[in-house]
$ cat model-v4.pdb   # PDB, C-alpha atoms and all ligand atoms
ATOM      1  CA  MET L   1     -15.977   2.560   1.229
ATOM      2  CA  ASP L   2     -14.801  -1.058   1.615
ATOM      3  CA  ILE L   3     -11.050  -1.454   1.552
ATOM      4  CA  GLY L   4      -9.587  -4.762   0.364
ATOM      5  CA  PHE L   5      -6.077  -6.173   0.394
ATOM      6  CA  LEU L   6      -4.728  -8.479  -2.291
ATOM      7  CA  GLY L   7      -2.061 -10.351  -0.332
ATOM      8  CA  GLY L   8      -3.858  -9.423   2.878
ATOM      9  CA  THR L   9      -2.095 -11.919   5.135
ATOM     10  CA  GLY L  10       1.288 -10.129   5.014
ATOM     11  CA  SER L  11       2.613  -7.676   7.557
ATOM     12  CA  GLU L  12       2.074  -4.493   5.505
ATOM     13  CA  ALA L  13      -1.549  -5.384   4.748
ATOM     14  CA  ARG L  14      -2.303  -6.342   8.336
ATOM     15  CA  GLY L  15      -0.822  -3.123   9.642
ATOM     16  CA  LEU L  16      -2.829  -1.015   7.198
ATOM     17  CA  ALA L  17      -5.964  -3.057   7.937
ATOM     18  CA  LEU L  18      -5.622  -2.382  11.665
ATOM     19  CA  ARG L  19      -5.240   1.349  11.122
ATOM     20  CA  PHE L  20      -8.140   1.589   8.637
ATOM     21  CA  ALA L  21     -10.470  -0.532  10.758
ATOM     22  CA  LEU L  22      -9.729   1.507  13.870
ATOM     23  CA  ALA L  23     -10.507   4.619  11.805
ATOM     24  CA  GLY L  24     -13.964   3.203  11.010
ATOM     25  CA  ALA L  25     -13.510   1.515   7.620
ATOM     26  CA  ARG L  26     -14.724  -1.957   6.674
ATOM     27  CA  VAL L  27     -11.688  -3.986   5.688
ATOM     28  CA  ILE L  28     -11.325  -7.271   3.787
ATOM     29  CA  LEU L  29      -8.103  -9.296   3.844
ATOM     30  CA  GLY L  30      -7.718 -11.355   0.659
ATOM     31  CA  SER L  31      -5.445 -14.351   0.316
ATOM     32  CA  ARG L  32      -4.753 -17.137  -2.156
ATOM     33  CA  SER L  33      -6.388 -19.272   0.551
ATOM     34  CA  ALA L  34      -9.756 -18.258   1.993
ATOM     35  CA  ALA L  35      -8.860 -20.015   5.262
ATOM     36  CA  MET L  36      -5.648 -18.008   5.598
ATOM     37  CA  GLY L  37      -7.518 -14.791   4.834
ATOM     38  CA  ALA L  38     -10.077 -15.635   7.525
ATOM     39  CA  ALA L  39      -7.370 -16.514  10.060
ATOM     40  CA  ALA L  40      -5.491 -13.268   9.413
ATOM     41  CA  ALA L  41      -8.713 -11.295   9.831
ATOM     42  CA  GLU L  42      -9.517 -13.039  13.118
ATOM     43  CA  ALA L  43      -6.061 -12.194  14.457
ATOM     44  CA  CYS L  44      -6.471  -8.538  13.391
ATOM     45  CA  ARG L  45      -9.938  -8.315  14.970
ATOM     46  CA  ASP L  46      -8.468  -9.599  18.239
ATOM     47  CA  THR L  47      -5.664  -7.020  18.074
ATOM     48  CA  ALA L  48      -7.826  -4.066  17.100
ATOM     49  CA  GLY L  49     -10.894  -4.991  19.139
ATOM     50  CA  VAL L  50     -13.201  -4.054  16.263
ATOM     51  CA  PRO L  51     -15.489  -6.402  14.280
ATOM     52  CA  THR L  52     -15.050  -4.777  10.841
ATOM     53  CA  ILE L  53     -12.071  -6.812   9.564
ATOM     54  CA  HIS L  54     -13.060  -9.755   7.372
ATOM     55  CA  GLY L  55     -11.000 -12.358   5.520
ATOM     56  CA  THR L  56     -11.564 -14.429   2.399
ATOM     57  CA  ASP L  57      -9.864 -15.340  -0.873
ATOM     58  CA  ASN L  58      -8.547 -12.671  -3.217
ATOM     59  CA  ALA L  59     -11.411 -13.079  -5.712
ATOM     60  CA  ASN L  60     -14.170 -12.550  -3.134
ATOM     61  CA  MET L  61     -12.241  -9.648  -1.658
ATOM     62  CA  ILE L  62     -12.148  -7.929  -5.085
ATOM     63  CA  ARG L  63     -15.895  -8.419  -5.582
ATOM     64  CA  ASP L  64     -16.662  -6.724  -2.262
ATOM     65  CA  SER L  65     -14.108  -3.895  -2.257
ATOM     66  CA  GLU L  66     -13.772  -0.547  -3.966
ATOM     67  CA  LEU L  67     -10.204   0.315  -3.004
ATOM     68  CA  ILE L  68      -7.953  -2.684  -3.599
ATOM     69  CA  PHE L  69      -4.528  -2.493  -2.009
ATOM     70  CA  LEU L  70      -1.866  -4.481  -3.797
ATOM     71  CA  THR L  71       0.248  -5.821  -0.929
ATOM     72  CA  VAL L  72       1.973  -8.830  -2.480
ATOM     73  CA  PRO L  73       5.777  -9.087  -2.917
ATOM     74  CA  PHE L  74       6.806  -6.778  -5.769
ATOM     75  CA  GLY L  75       7.771  -9.648  -8.061
ATOM     76  CA  ALA L  76       4.353 -11.284  -7.663
ATOM     77  CA  ALA L  77       2.361  -8.154  -8.452
ATOM     78  CA  ILE L  78       2.007  -8.514 -12.227
ATOM     79  CA  ASP L  79       0.815 -12.117 -12.027
ATOM     80  CA  ALA L  80      -1.572 -11.186  -9.208
ATOM     81  CA  VAL L  81      -3.006  -8.335 -11.291
ATOM     82  CA  ARG L  82      -3.310 -10.475 -14.429
ATOM     83  CA  THR L  83      -5.154 -13.155 -12.455
ATOM     84  CA  SER L  84      -7.507 -10.489 -11.096
ATOM     85  CA  LEU L  85      -8.254  -8.799 -14.452
ATOM     86  CA  PRO L  86     -11.550 -10.620 -15.159
ATOM     87  CA  LEU L  87     -12.884  -9.389 -11.799
ATOM     88  CA  LEU L  88     -11.746  -5.769 -12.015
ATOM     89  CA  LYS L  89     -14.480  -3.231 -12.856
ATOM     90  CA  PRO L  90     -14.350   0.532 -13.532
ATOM     91  CA  HIS L  91     -15.447   1.369  -9.961
ATOM     92  CA  HIS L  92     -12.273  -0.281  -8.618
ATOM     93  CA  ILE L  93      -9.135   1.638  -7.723
ATOM     94  CA  LEU L  94      -5.859  -0.254  -7.284
ATOM     95  CA  VAL L  95      -3.553   1.113  -4.611
ATOM     96  CA  ASP L  96      -0.045  -0.122  -5.257
ATOM     97  CA  VAL L  97       2.105  -0.441  -2.143
ATOM     98  CA  THR L  98       4.831  -2.610  -3.707
ATOM     99  CA  VAL L  99       8.502  -1.657  -3.681
ATOM    100  CA  PRO L 100      11.196  -3.456  -5.716
ATOM    101  CA  LEU L 101      13.822  -4.150  -3.082
ATOM    102  CA  ASN L 102      16.407  -6.886  -2.712
ATOM    103  CA  PHE L 103      17.536  -7.891   0.747
ATOM    104  CA  THR L 104      20.976  -9.445   0.499
ATOM    105  CA  MET L 105      23.713  -9.949   3.113
ATOM    106  CA  GLY L 106      21.952  -7.655   5.589
ATOM    107  CA  ARG L 107      21.705  -4.828   3.045
ATOM    108  CA  VAL L 108      18.721  -3.380   1.271
ATOM    109  CA  GLU L 109      19.098  -2.559  -2.392
ATOM    110  CA  TYR L 110      16.650  -0.835  -4.749
ATOM    111  CA  LEU L 111      16.173  -2.995  -7.819
ATOM    112  CA  ASP L 112      16.357  -0.801 -10.901
ATOM    113  CA  GLN L 113      13.916  -1.923 -13.597
ATOM    114  CA  GLU L 114      15.228   0.020 -16.615
ATOM    115  CA  GLY L 115      14.405   3.255 -14.811
ATOM    116  CA  PHE L 116      10.710   2.476 -14.331
ATOM    117  CA  SER L 117       8.924   2.147 -11.000
ATOM    118  CA  ASN L 118       7.067  -1.005 -10.062
ATOM    119  CA  SER L 119       3.846   1.033 -10.134
ATOM    120  CA  GLU L 120       4.390   2.027 -13.775
ATOM    121  CA  ILE L 121       5.183  -1.553 -14.740
ATOM    122  CA  ILE L 122       2.024  -2.837 -13.038
ATOM    123  CA  ASP L 123      -0.054  -0.065 -14.619
ATOM    124  CA  ARG L 124       0.953  -1.236 -18.110
ATOM    125  CA  ASN L 125      -0.901  -4.463 -17.345
ATOM    126  CA  LEU L 126      -4.166  -2.742 -16.438
ATOM    127  CA  PRO L 127      -6.951  -1.589 -18.752
ATOM    128  CA  LYS L 128      -7.203   2.224 -18.988
ATOM    129  CA  GLU L 129     -10.468   2.368 -17.048
ATOM    130  CA  ILE L 130      -8.906   0.879 -13.896
ATOM    131  CA  PRO L 131      -6.851   3.614 -12.201
ATOM    132  CA  LEU L 132      -3.756   2.787 -10.198
ATOM    133  CA  VAL L 133      -2.484   4.969  -7.375
ATOM    134  CA  GLY L 134       0.953   4.405  -5.856
ATOM    135  CA  ALA L 135       0.667   5.033  -2.108
ATOM    136  CA  PHE L 136       1.743   4.000   1.384
ATOM    137  CA  LYS L 137       5.074   2.762   0.001
ATOM    138  CA  THR L 138       7.150   4.621   2.583
ATOM    139  CA  ILE L 139       5.252   3.582   5.730
ATOM    140  CA  PRO L 140       6.751   0.519   7.440
ATOM    141  CA  ALA L 141       4.597  -2.383   8.586
ATOM    142  CA  ALA L 142       6.151  -2.298  12.054
ATOM    143  CA  ILE L 143       4.905   1.205  12.831
ATOM    144  CA  LEU L 144       1.469   0.447  11.383
ATOM    145  CA  ALA L 145       1.153  -2.521  13.746
ATOM    146  CA  ASP L 146       2.401  -0.566  16.745
ATOM    147  CA  LEU L 147      -0.998   0.796  17.690
ATOM    148  CA  LYS L 148       0.343   2.696  20.692
ATOM    149  CA  SER L 149       2.327   4.947  18.323
ATOM    150  CA  GLU L 150       0.785   7.744  16.293
ATOM    151  CA  LEU L 151       1.842   7.615  12.648
ATOM    152  CA  ASN L 152       2.419  11.376  12.498
ATOM    153  CA  CYS L 153       3.796  11.256   8.948
ATOM    154  CA  SER L 154       2.999  11.909   5.289
ATOM    155  CA  VAL L 155       1.454   9.338   3.004
ATOM    156  CA  PHE L 156       2.684  10.029  -0.513
ATOM    157  CA  LEU L 157       0.279   9.441  -3.402
ATOM    158  CA  CYS L 158       1.020   9.392  -7.109
ATOM    159  CA  GLY L 159      -1.046   8.468 -10.133
ATOM    160  CA  ASN L 160      -2.526   9.700 -13.365
ATOM    161  CA  SER L 161      -6.154   9.916 -12.212
ATOM    162  CA  ARG L 162      -6.851  12.916 -10.005
ATOM    163  CA  GLU L 163     -10.236  11.473  -9.011
ATOM    164  CA  ALA L 164      -8.677   8.181  -7.893
ATOM    165  CA  LYS L 165      -5.962   9.994  -5.936
ATOM    166  CA  THR L 166      -8.616  12.073  -4.176
ATOM    167  CA  LYS L 167     -10.498   8.935  -3.133
ATOM    168  CA  VAL L 168      -7.321   7.312  -1.801
ATOM    169  CA  ALA L 169      -6.336  10.558  -0.041
ATOM    170  CA  ASN L 170      -9.781  10.762   1.572
ATOM    171  CA  ALA L 171      -9.466   7.177   2.802
ATOM    172  CA  ALA L 172      -5.928   7.803   4.087
ATOM    173  CA  SER L 173      -7.089  10.936   5.885
ATOM    174  CA  MET L 174      -9.450   8.837   8.003
ATOM    175  CA  ILE L 175      -6.358   7.584   9.826
ATOM    176  CA  PRO L 176      -5.398  10.036  12.566
ATOM    177  CA  THR L 177      -2.130  11.967  12.127
ATOM    178  CA  LEU L 178      -1.594  10.676   8.580
ATOM    179  CA  HIS L 179      -1.270  13.505   6.061
ATOM    180  CA  ALA L 180      -1.904  12.750   2.381
ATOM    181  CA  VAL L 181       0.444  14.452  -0.101
ATOM    182  CA  ASP L 182      -0.339  14.370  -3.836
ATOM    183  CA  CYS L 183       3.098  13.952  -5.423
ATOM    184  CA  GLY L 184       1.963  14.027  -9.059
ATOM    185  CA  GLY L 185       1.848  11.480 -11.876
ATOM    186  CA  LEU L 186       2.621   7.802 -11.594
ATOM    187  CA  GLU L 187       6.244   8.342 -12.646
ATOM    188  CA  THR L 188       6.817   9.902  -9.197
ATOM    189  CA  ALA L 189       6.736   6.340  -7.856
ATOM    190  CA  ARG L 190      10.345   6.082  -9.116
ATOM    191  CA  THR L 191      11.304   8.461  -6.318
ATOM    192  CA  LEU L 192       8.909   7.141  -3.685
ATOM    193  CA  GLU L 193      10.105   3.568  -4.087
ATOM    194  CA  ARG L 194      13.705   4.703  -3.583
ATOM    195  CA  MET L 195      12.630   6.616  -0.481
ATOM    196  CA  THR L 196      11.454   3.320   0.994
ATOM    197  CA  ALA L 197      14.955   1.909   0.544
ATOM    198  CA  LEU L 198      16.261   4.971   2.409
ATOM    199  CA  ALA L 199      13.766   4.511   5.267
ATOM    200  CA  ILE L 200      14.812   0.877   5.696
ATOM    201  CA  ALA L 201      18.502   1.809   5.603
ATOM    202  CA  LEU L 202      17.855   4.457   8.290
ATOM    203  CA  ASN L 203      16.031   1.919  10.447
ATOM    204  CA  ARG L 204      19.032  -0.377  10.217
ATOM    205  CA  ARG L 205      21.598   2.343  10.867
ATOM    206  CA  TYR L 206      19.727   3.712  13.889
ATOM    207  CA  LYS L 207      18.421   0.306  15.099
ATOM    208  CA  ARG L 208      14.808   1.513  14.910
ATOM    209  CA  HIS L 209      11.735   0.199  13.105
ATOM    210  CA  GLY L 210       9.579   3.242  12.435
ATOM    211  CA  ALA L 211      11.600   5.614  10.226
ATOM    212  CA  ARG L 212       9.239   7.376   7.828
ATOM    213  CA  PHE L 213       8.802  10.793   6.216
ATOM    214  CA  ARG L 214       6.858  13.948   6.997
ATOM    215  CA  VAL L 215       6.632  16.925   4.640
ATOM    216  CA  VAL L 216       6.388  20.327   6.299
ATOM    217  CA  GLY L 217       5.205  23.551   4.684
ATOM    218  CA  LEU L 218       2.086  22.232   2.933
ATOM    219  CA  ASP L 219      -0.320  22.411   5.884
ATOM    220  CA  GLY L 220      -3.925  22.785   4.815
ATOM    221  CA  GLU L 221      -2.995  23.068   1.125
ATOM    222  CA  THR L 222      -4.401  20.963  -1.703
ATOM    223  CA  ALA L 223      -2.393  20.250  -4.866
ATOM    224  CA  LYS L 224      -3.150  22.757  -7.653
TER
HETATM  225  N1  LIG L 301       6.692  -4.757   5.072
HETATM  226  C1  LIG L 301       6.857  -3.430   4.993
HETATM  227  O1  LIG L 301       7.270  -2.757   5.967
HETATM  228  C2  LIG L 301       6.531  -2.687   3.713
HETATM  229  C3  LIG L 301       6.579  -1.283   3.672
HETATM  230  C4  LIG L 301       6.244  -0.629   2.481
HETATM  231  C5  LIG L 301       5.903  -1.361   1.373
HETATM  232  N2  LIG L 301       5.878  -2.720   1.436
HETATM  233  C6  LIG L 301       5.496  -3.477   0.252
HETATM  234  O2  LIG L 301       4.250  -4.091   0.532
HETATM  235  C7  LIG L 301       4.190  -5.372  -0.098
HETATM  236  C8  LIG L 301       3.828  -6.395   0.966
HETATM  237  O3  LIG L 301       4.853  -6.457   1.913
HETATM  238  P1  LIG L 301       4.846  -7.617   3.023
HETATM  239  O4  LIG L 301       6.102  -7.482   3.776
HETATM  240  O5  LIG L 301       3.563  -7.622   3.759
HETATM  241  O6  LIG L 301       4.928  -8.891   2.022
HETATM  242  P2  LIG L 301       4.869 -10.447   2.261
HETATM  243  O7  LIG L 301       4.532 -10.732   3.682
HETATM  244  O8  LIG L 301       6.100 -11.052   1.706
HETATM  245  O9  LIG L 301       3.669 -10.891   1.303
HETATM  246  C9  LIG L 301       2.354 -10.458   1.503
HETATM  247  C10 LIG L 301       1.375 -11.526   1.048
HETATM  248  O10 LIG L 301       1.435 -11.690  -0.356
HETATM  249  C11 LIG L 301       0.932 -12.988  -0.688
HETATM  250  N3  LIG L 301       1.813 -13.571  -1.695
HETATM  251  C12 LIG L 301       3.101 -13.984  -1.528
HETATM  252  N4  LIG L 301       3.591 -14.473  -2.686
HETATM  253  C13 LIG L 301       2.580 -14.365  -3.598
HETATM  254  C14 LIG L 301       2.463 -14.719  -4.955
HETATM  255  N5  LIG L 301       3.483 -15.277  -5.653
HETATM  256  N6  LIG L 301       1.283 -14.463  -5.576
HETATM  257  C15 LIG L 301       0.237 -13.901  -4.906
HETATM  258  N7  LIG L 301       0.295 -13.570  -3.595
HETATM  259  C16 LIG L 301       1.460 -13.788  -2.961
HETATM  260  C17 LIG L 301       0.948 -13.818   0.596
HETATM  261  O11 LIG L 301      -0.405 -14.001   0.982
HETATM  262  P3  LIG L 301      -1.187 -15.415   0.788
HETATM  263  O12 LIG L 301      -0.166 -16.504   0.862
HETATM  264  O13 LIG L 301      -2.109 -15.413   1.953
HETATM  265  O14 LIG L 301      -1.860 -15.311  -0.529
HETATM  266  C18 LIG L 301       1.672 -12.915   1.583
HETATM  267  O15 LIG L 301       1.196 -13.055   2.912
HETATM  268  C19 LIG L 301       5.563  -5.622  -0.745
HETATM  269  O16 LIG L 301       5.490  -5.394  -2.124
HETATM  270  C20 LIG L 301       6.472  -4.596  -0.077
HETATM  271  O17 LIG L 301       7.479  -4.131  -0.961
HETATM  272  C21 LIG L 301       6.163  -3.399   2.581
END
$ encode --input "model-v4.pdb" --output "structure tokens"
Amino acid sequence: MDIGFLGGTGSEARGLALRFALAGARVILGSRSAAMGAAAAEACRDTAGVPTIHGTDNANMIRDSELIFLTVPFGAAIDAVRTSLPLLKPHHILVDVTVPLNFTMGRVEYLDQEGFSNSEIIDRNLPKEIPLVGAFKTIPAAILADLKSELNCSVFLCGNSREAKTKVANAASMIPTLHAVDCGGLETARTLERMTALAIALNRRYKRHGARFRVVGLDGETAK
């Protein structure tokens, strides 16, 4: 399965791309500029030492990918999705990594959007046949890029299509020590996005960069 990143030149996309490529996936970094996508991919290939990371513009990335990670700033996500609509086909799955956070005066603040998560708001802008899965929201870019460290954490998935969640979980499970947890419907993103704010606050309080979450007690289980 080819994994693409819309906004693939940012730190979260690059970190995920490194981990997926090292796990054996073919990865495509999209950008508003094909040259920037290519440059980001070259840098990631050098870091990972694998040839399977490519870079191009967002449109070409969408054409060649099945899983499309949405890794733009949260406020840019709706425009990015609307621009992509003519290219999106029923075989695509959008994986929304965005989190509505404000960084002001050294503090991180969750931006409430009338109680709805960013994933739900993005989903309203998609046709029904394109599933959206909220995932990877709680895993910081810094730990993804730190290839000497095992992730050893949960990746939380939520969405209204069980089939799409299974595909994203299968892809996530390629990455060693990452454990996929199906958290339920897309509304669960309201909680997951707030958990990201907590992880960042913990990083700041403890002067670390890799705070993340691991659920215990579900080993070997699949969601019923
Ligand atoms: N960083 C983290 O640790 C972390 C952790 C969890 C979740 N997230 C979420 O992941 C997403 C990406 O985070 P990031 O830190 O990697 O973000 P970022 O560096 O600010 O942005 C990622 C990329 O998005 C593209 N972009 C920026 N503005 C855009 C616009 N108006 N329209 C279309 N594309 C635009 C840019 O690529 P081009 O200029 O090349 O097009 C940029 O390199 C965010 O929504 C964030 O909340 C981040």
$ closest_residue --input "model-v4.pdb" --among "L:Arg205, L:Arg214, L:Arg32, L:Arg19" --to "ligand LIG 301 (chain L)" --atoms "only C-alpha atoms and all ligand atoms"
L:Arg32
$ closest_residue --input "model-v4.pdb" --among "L:Leu192, L:Leu94, L:Val216, L:Ala23" --to "L:Leu67" --atoms "all atoms listed in the file"
L:Leu94
$ residues_near_ligand --input "model-v4.pdb" --ligand "ligand LIG 301 (chain L)" --cutoff "6 Å" --atoms "only C-alpha atoms and all ligand atoms" --output "number ranges by chain"
L: 7-13, 31-33, 36, 71-74, 76, 80, 97-99, 137-141
$ write_last_selection --input "model-v4.pdb" --atoms "C-alpha atoms" --output "compact mmCIF listing (two decimals), in the frame of the given file"
# COMPACT_ATOMS: atom_id res chain seq x y z
CA GLY L 7 -2.06 -10.35 -0.33
CA GLY L 8 -3.86 -9.42 2.88
CA THR L 9 -2.10 -11.92 5.14
CA GLY L 10 1.29 -10.13 5.01
CA SER L 11 2.61 -7.68 7.56
CA GLU L 12 2.07 -4.49 5.50
CA ALA L 13 -1.55 -5.38 4.75
CA SER L 31 -5.44 -14.35 0.32
CA ARG L 32 -4.75 -17.14 -2.16
CA SER L 33 -6.39 -19.27 0.55
CA MET L 36 -5.65 -18.01 5.60
CA THR L 71 0.25 -5.82 -0.93
CA VAL L 72 1.97 -8.83 -2.48
CA PRO L 73 5.78 -9.09 -2.92
CA PHE L 74 6.81 -6.78 -5.77
CA ALA L 76 4.35 -11.28 -7.66
CA ALA L 80 -1.57 -11.19 -9.21
CA VAL L 97 2.10 -0.44 -2.14
CA THR L 98 4.83 -2.61 -3.71
CA VAL L 99 8.50 -1.66 -3.68
CA LYS L 137 5.07 2.76 0.00
CA THR L 138 7.15 4.62 2.58
CA ILE L 139 5.25 3.58 5.73
CA PRO L 140 6.75 0.52 7.44
CA ALA L 141 4.60 -2.38 8.59
$ residues_around --input "model-v4.pdb" --residues "L:Gly210" --least-positions-apart "3" --cutoff "9 Å" --atoms "all atoms listed in the file" --output "PyMOL selection string"
chain L and resi 139-144+151+199-200+203
$ resolve_selection --input "model-v4.pdb" --expression "the PyMOL selection byres (((chain L and resi 224) around 12) and not hetatm)" --output "PyMOL selection string"
chain L and resi 162+181-184+218+221-223
$ residues_around --input "model-v4.pdb" --residues "L:Val27" --least-positions-apart "2" --cutoff "12 Å" --atoms "all atoms listed in the file" --output "PyMOL selection string"
chain L and resi 1-6+8+13-25+29-30+37-38+40-42+44-45+50-56+61-62+64-69+171
$ atom_distance --input "model-v4.pdb" --atom1 "atom CA of L:His91" --atom2 "atom CA of L:Thr166"
14.0 Å
$ residues_around --input "model-v4.pdb" --residues "L:Asn102" --least-positions-apart "3" --cutoff "12 Å" --atoms "all atoms listed in the file" --output "JSON, numbers by chain"
{"L": [73, 74, 75, 99, 105, 106, 107, 108, 109, 110, 111, 112, 194, 196, 197, 200]}
$ residues_around --input "model-v4.pdb" --residues "L:Arg63" --least-positions-apart "4" --cutoff "9 Å" --atoms "all atoms listed in the file" --output "ChimeraX atom specification"
/L:58-59,87-88
$ closest_residue --input "model-v4.pdb" --among "L:Glu120, L:Pro127, L:Leu101, L:Arg212" --to "L:Lys89" --atoms "only C-alpha atoms"
L:Pro127
$ atom_distance --input "model-v4.pdb" --atom1 "atom CA of L:Ala169" --atom2 "atom CA of L:Glu193"
18.3 Å
$ residues_around --input "model-v4.pdb" --residues "L:Val168" --least-positions-apart "2" --cutoff "10 Å" --atoms "only C-alpha atoms" --output "list in words"
Leu67, Ile93, Leu94, Val95, Val133, Gly134, Ala135, Leu157, Arg162, Glu163, Ala164, Lys165, Thr166, Asn170, Ala171, Ala172, Ser173 and Ala180 of chain L
$ write_last_selection --input "model-v4.pdb" --atoms "C-alpha atoms" --output "short mmCIF file (atom, residue, chain, number, x, y, z; two decimals), in the coordinates of the input"
data_model
loop_
_atom_site.label_atom_id
_atom_site.label_comp_id
_atom_site.auth_asym_id
_atom_site.auth_seq_id
_atom_site.Cartn_x
_atom_site.Cartn_y
_atom_site.Cartn_z
CA LEU L 67 -10.20 0.32 -3.00
CA ILE L 93 -9.14 1.64 -7.72
CA LEU L 94 -5.86 -0.25 -7.28
CA VAL L 95 -3.55 1.11 -4.61
CA VAL L 133 -2.48 4.97 -7.38
CA GLY L 134 0.95 4.40 -5.86
CA ALA L 135 0.67 5.03 -2.11
CA LEU L 157 0.28 9.44 -3.40
CA ARG L 162 -6.85 12.92 -10.01
CA GLU L 163 -10.24 11.47 -9.01
CA ALA L 164 -8.68 8.18 -7.89
CA LYS L 165 -5.96 9.99 -5.94
CA THR L 166 -8.62 12.07 -4.18
CA ASN L 170 -9.78 10.76 1.57
CA ALA L 171 -9.47 7.18 2.80
CA ALA L 172 -5.93 7.80 4.09
CA SER L 173 -7.09 10.94 5.88
CA ALA L 180 -1.90 12.75 2.38
#
$ residues_near_point --input "model-v4.pdb" --point "(0.2, 11.8, -12.7)" --cutoff "7 Å" --atoms "only C-alpha atoms" --output "list in words"
Cys158, Gly159, Asn160, Ser161, Gly184, Gly185, Leu186 and Glu187 of chain L
$ closest_residue --input "model-v4.pdb" --among "L:Asp57, L:Phe156, L:Ile28, L:Ala77" --to "L:Thr191" --atoms "only C-alpha atoms"
L:Phe156
$ atom_distance --input "model-v4.pdb" --atom1 "atom CA of L:Cys153" --atom2 "atom CA of L:Leu202"
15.6 Å
$ axis_aligned_box --input "model-v4.pdb" --around "stretch 219-222 of chain L" --padding-each-side "3 Å" --output "JSON"
{"center_x": -2.4, "center_y": 22.0, "center_z": 2.1, "size_x": 10.1, "size_y": 8.1, "size_z": 13.6}
$ closest_residue --input "model-v4.pdb" --among "L:Val81, L:Ala189, L:Ala35, L:Val215" --to "L:Ser119" --atoms "all atoms listed in the file"
L:Ala189
